[in-house]
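*Asks:* Got a structure for you, questions after.
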Amino acid sequence: MTVGRRIRSTAATLAAVTASAAALAASCRSVGSTQVAPPAALPPPAAVEAWVKAPRIRIGIVTEAQRVSLGADFGVVVVETAGTAAGRQVLVQRATFRPAATQEGRPRVKLVETGDEFEVGLVVPQKADETLYAGPDSYRGVFEVRGDSAQALTLVNVVGLEDYLRGVVPNELSPSVYPEMEALRAQAVAARTYALRNMGQFKSKGYDLCATPACQVYKGRSTEHSLSDQAVESTAGETATYRGQLINAVYTSTCGGHTEDGLNIFEGEPQPYLRGVACAPERSSWGSVRTTAPREPLAIDALNRDLALLWALHALDARAVSQKWLRESPSEAELKSLLAQWLVAMRRKSCPSPVEPPLVRRASFFQHLVSSLCWDDRARRLLAPDDADYLLQLEDRDGLSGLGERSAAALLLEEGIVSLPSDNMLRPSSVLSRAQLVQLLARAARRVGPPTLRSVSFRSALEGRLVVESGEEGETLSVDPAVALFRTLDGQAAAASEVALAPGDRLQIVTQAGRIVYLEAEQSRLGPSNDKSSRYFRWELRLTPAEVAKSIARYGSVGEVRDVEIRRLGVSGRVIELAVIGAKSELALRGLKIRWGLGLRENLFVVDREREDTGSGVARFVFTGKGWGHGVGLCQVGAFGMAQNGASYQDILKHYYSGVTLSRPAS
């Protein structure tokens with residue numbers, strides 16, 4: 001069964017193994033190959049137990065290889081552990097192995113440096129505390145090298161279970177990309193449980209588990225990370241069980257908002273703990289904010305949000321605002337006064353401006369704003385020589401007078417304070433209106449980020465109060481009944497009388513006297529799913545009928561493909577039965593074979609059809625889907641989202657594996 005972050009086809013997995021073998025053959029970590037005298041005393045030569053403490057696990061690092069090169073800085077000892085020659089020892093700086101002729105039905109391997117042959121060669125470092133290398137990668141534990149019936153080599157890393165997990169967790173859930181400790185702990189427990197449950201899966205080949213996504217991705221010591229090390233250590237020995245038995249703790253990268261029942265994806269007996277569940281905060285944990293403020297729009301509705309923010313920050317005096325007032329231009333004195341008030345509200349020191357009146361000229365005000373913010377040095381040092389020319393590809397750029405105006409306009413464009421007009425005209429010589437001034441100051445406020453404008457995460461709501469978190473600190477804040485309330489969907493803002501909040505939603509708030517007077521909820525068009533941060537949350541693939549026919553060839557031929565028909569859906573909306581209809585016959589695909597057969601990221605998809613020019617047939621099938629992986633069990637990116645929202649690793653595991661018990665061995 002396939003369980004990792006990705007599922008590969010048999011051919012793809014074989015290609016990855018072949019590539020690994022080639023990489024090992026092409027590199028040599030140790031220098032020299034001269035045979036030297038064996039050390040005075042080694043542990044019992046045939047006993048892996050002398051080198052690796054229990055519980056231990058055997059991982060097939062490379063299979064079907066023609067050459068492997070192993071080493072350690074101070075040399076390695078190769079020990080025969082099988083047959084009549086068990087106990088024979090050879091010490092070399094580097095150990096290079098090739099297949100040897102089979103003897104008495106037993107495959108053998110040859111140590112190139114000395115010509116010695118082994119049935120099973122145990123490779124240990126000459127110094128017990130040293131790291132072993134296979135090509136460029138380092139590993140804990142020891143190696144076993146053995147032949148197979150196909151005249152090829154198998155390289156096995158024998159390692160302690162907890163050390164094995166140190167080389168799995170960072171490759172299954174990257175601590176650099178997903179640095180949430182509770183998610184990493186959940187991954188550690190799932191990986192440990194999976195390893196113990198599936199121990200001996202490849203016993204006939206001499207190892208327990210493979211090192212690829214077909215089992216769990218394992219890359220040894222080379223990829224260990226302090227965060228994942230901590231996750232493994234803090235959950236040492238902990239496993240998930242169902243009715244006293246270890247569960248088959250499969251997991252998937254991105255589930256697209258909902259996992260699937262295992263029986264609908266995998267063949268075999270149904271597992272009651274592998275049930276499809278929502279990958280989103282429980283509705284009971286949502287909160288709601290309402291406002292009594294009237295929703296009558298201002299004369300220029302687009303400025304509602306900007307005016308509300310400036311009023312909340314005390315950067316603009318509350319006053320009756322009309323369309324006439326906004327469209328008129330401020331006087332020179334009013335403009336200076338408004339900017340001075342804004343700078344005080346931003347808690348920013350003002351710098352002298354070299355700009356001469358009239359400041360109400362748009363380009364003049366751009367330069368005046370940059371200078372007043374003390375951003376002249378920012379423009380000189382952070383704008384590269386070609387940035388201004390690149391940014392100022394405007395129809396009326398010649399209206400910018402001198403280097404100061406050009407630099408200021410380019411900097412404000414770069415910072416997002418000035419936006420690109422739809423007609424590509426900046427109008428540098430026109431007179432600034434109050435509406436334009438309000439918009440510029442509000443955008444500059446969001447960019448400057450005064451201390452009174454805070455970014456927090458929503459956690460929960462309690463009768464007119466919000467529990468929010470900033471960094472690792474939580475606090476409870478009252479909400480003003482007339483709070484200025486807005487929500488944005490991927491940057492598009494709208495005023496609202498009520499906003500529903502899901503745990504983890506980012507909020508921009510302004511407080512006065514401990515009460516929230518301005519609240520802007522930053523929400524995603526992708527919804528509240530815990531795994532929406534994954535780059536594979538949404539995807540699309542276009543295939544021609546000929547490409548579909550080629551892709552499904554491993555399962556059968558239907559002739560010229562006419563259509564792809566979804567026959568049955570699972571609890572999550574995943575396609576669990578699909579028919580490819582051809583000119584000669586039709587082919588039914590079920591479960592994982594749907595993904596493998598069509599080469600899709602996930603089974604959670606819909607199908608659209610692009611017609612040929614004549615309209616008589618399908619030119620392309622358009623598969624639009626969500627997620628990456630098989631969609632069963634723990635959702636890895638969803639676990640990260642749950643951890644961000646304050647869930648413990650126990651909460652995460654019990655959410656994705658229904659009815660399980662978490663336990664550790666008695667000390």
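As shown in the structure tokens, the chain order sets the letters A, B, ...; within each chain, residues go from 1, and ligands are also counted from 1 in the order they appear.
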Per DSSP on the backbone, what are the alpha helix (DSSP H) residues of region 354-436 of chain A, as an MDAnalysis selection string?

*Replies:* chainID A and resid 362:372 376:382 387:391 402:414 434:436

*Asks:* If you count only C-alpha atoms, which residues fall within 6 Å of region 604-611 of chain A, apart from same-chain ones fewer than 5 positions away, as a short mmCIF file (atom, residue, chain, number, x, y, z; two decimals) with C-alpha atoms, in the first residue's frame?

*Replies:*
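In the end it all went to out-v8.cif:
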```cif
data_model
loop_
_atom_site.label_atom_id
_atom_site.label_comp_id
_atom_site.auth_asym_id
_atom_site.auth_seq_id
_atom_site.Cartn_x
_atom_site.Cartn_y
_atom_site.Cartn_z
CA ARG A 574 -13.83 11.97 -4.47
CA GLY A 617 -15.77 15.42 -30.46
CA VAL A 618 -13.70 16.13 -27.35
CA ALA A 619 -10.44 17.98 -27.95
CA ARG A 620 -9.36 17.96 -24.30
CA PHE A 621 -10.62 16.71 -20.98
CA VAL A 622 -10.11 19.34 -18.28
CA PHE A 623 -9.60 17.85 -14.81
CA THR A 624 -9.98 20.45 -12.05
CA GLY A 625 -9.26 19.13 -8.61
CA LYS A 626 -8.11 19.62 -5.05
#
```

*Asks:* Each residue of region 140-188 of chain A lying at most 8 Å from region 64-78 of chain A should get a row with its shortest atom-to-atom pair and the distance in Å to one decimal, counting only C-alpha atoms; could you produce that, ordered by chain and increasing number, as JSON lines?

*Replies:*
```
{"residue": "A:Asp148", "atom": "CA", "partner": "A:Glu64", "partner_atom": "CA", "distance": 7.9}
{"residue": "A:Ala150", "atom": "CA", "partner": "A:Glu64", "partner_atom": "CA", "distance": 7.7}
{"residue": "A:Ala152", "atom": "CA", "partner": "A:Glu64", "partner_atom": "CA", "distance": 5.0}
{"residue": "A:Leu153", "atom": "CA", "partner": "A:Ala65", "partner_atom": "CA", "distance": 4.9}
{"residue": "A:Thr154", "atom": "CA", "partner": "A:Glu64", "partner_atom": "CA", "distance": 6.2}
{"residue": "A:Leu155", "atom": "CA", "partner": "A:Val68", "partner_atom": "CA", "distance": 7.7}
```

*Asks:* As a ChimeraX atom specification, please: the residues near Glu238 (chain A) (cut-off 12 Å, only C-alpha atoms, same-chain neighbours under 5 positions excluded).

*Replies:* /A:161-162,185-194,196,231-233,246,649-650,653,661-667

*Asks:* Out of region 301-497 of chain A, which residues get strand (DSSP E or B) from DSSP, as a PyMOL selection string?

*Replies:* chain A and resi 361+431+453-462+465-470+473-489+492-495

*Asks:* Of the residues A:Val250, A:Val168, A:Ala308, A:Ala484, which is the one nearest to Asn198 (chain A), using only C-alpha atoms?

*Replies:*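 Looking at the shortest contact to Asn198 (chain A), the residue is A:Val250.
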
*Asks:* List the spatial neighbours of Glu267 (chain A) as a list of chain:residue names - criterion: any atom at most 12 Å away, only C-alpha atoms, same-chain residues fewer than 3 positions off excluded.

*Replies:*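 Result of the neighbour search: A:Met1, A:Thr2, A:Asp261, A:Gly262, A:Leu263, A:Asn264, A:Pro270, A:Gln271, A:Ile576, A:Arg590, A:Gly591, A:Leu592, A:Lys593.
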
*Asks:* Pick out the residues sitting within 8 Å of Arg305 (chain A), and hand them over as a list of chain:residue names; count only C-alpha atoms, and ignore anything fewer than 3 positions along from it in its own chain.

*Replies:*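 With the cut-off at 8 Å, the set is A:Ala302, A:Ala308, A:Leu309, A:Phe486, A:Ala493, A:Ala494, A:Ala495.
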
*Asks:* With C-alpha atoms retained, write the just-selected residues as an mmCIF file, in the first residue's frame.

*Replies:*
```
data_model
loop_
_atom_site.group_PDB
_atom_site.id
_atom_site.type_symbol
_atom_site.label_atom_id
_atom_site.label_comp_id
_atom_site.auth_asym_id
_atom_site.auth_seq_id
_atom_site.Cartn_x
_atom_site.Cartn_y
_atom_site.Cartn_z
ATOM 1 C CA ALA A 302 -14.825 52.779 -2.349
ATOM 2 C CA ALA A 308 -12.912 54.097 8.663
ATOM 3 C CA LEU A 309 -9.281 53.095 9.154
ATOM 4 C CA PHE A 486 -14.951 44.791 6.908
ATOM 5 C CA ALA A 493 -12.670 44.495 0.604
ATOM 6 C CA ALA A 494 -16.319 45.027 1.492
ATOM 7 C CA ALA A 495 -18.140 46.605 4.410
#
```

*Asks:* Do you have the CA of Leu412 (chain A)-CA of Ala388 (chain A) distance handy?

*Replies:*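 CA of Leu412 (chain A) sits 10.6 Å away from CA of Ala388 (chain A).
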
*Asks:* If you count only C-alpha atoms, which residues fall within 6 Å of region 320-336 of chain A, apart from same-chain ones fewer than 3 positions away, as a PyMOL selection string?

*Replies:* chain A and resi 299+339+432-435

*Asks:* So which one's closest to Gly276 (chain A), A:Pro421, A:Gly641, A:Gly659, A:Gly633? Using only C-alpha atoms, please.

*Replies:*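 Among the listed residues, the smallest separation from Gly276 (chain A) belongs to A:Gly633.
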
*Asks:* CA of Pro450 (chain A) to CA of Tyr518 (chain A): how many Å, to one decimal?

*Replies:* 13.9 Å

*Asks:* With only C-alpha atoms as the basis for distance, which of A:Gly646, A:Ile57, A:Leu578, A:Ala134 is at the shortest distance from Met181 (chain A)?

*Replies:* A:Gly646

*Asks:* Do you have the CA of Glu113 (chain A)-CA of Gly147 (chain A) distance handy?

*Replies:*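 Computing the Euclidean distance for CA of Glu113 (chain A) and CA of Gly147 (chain A) yields 17.4 Å.
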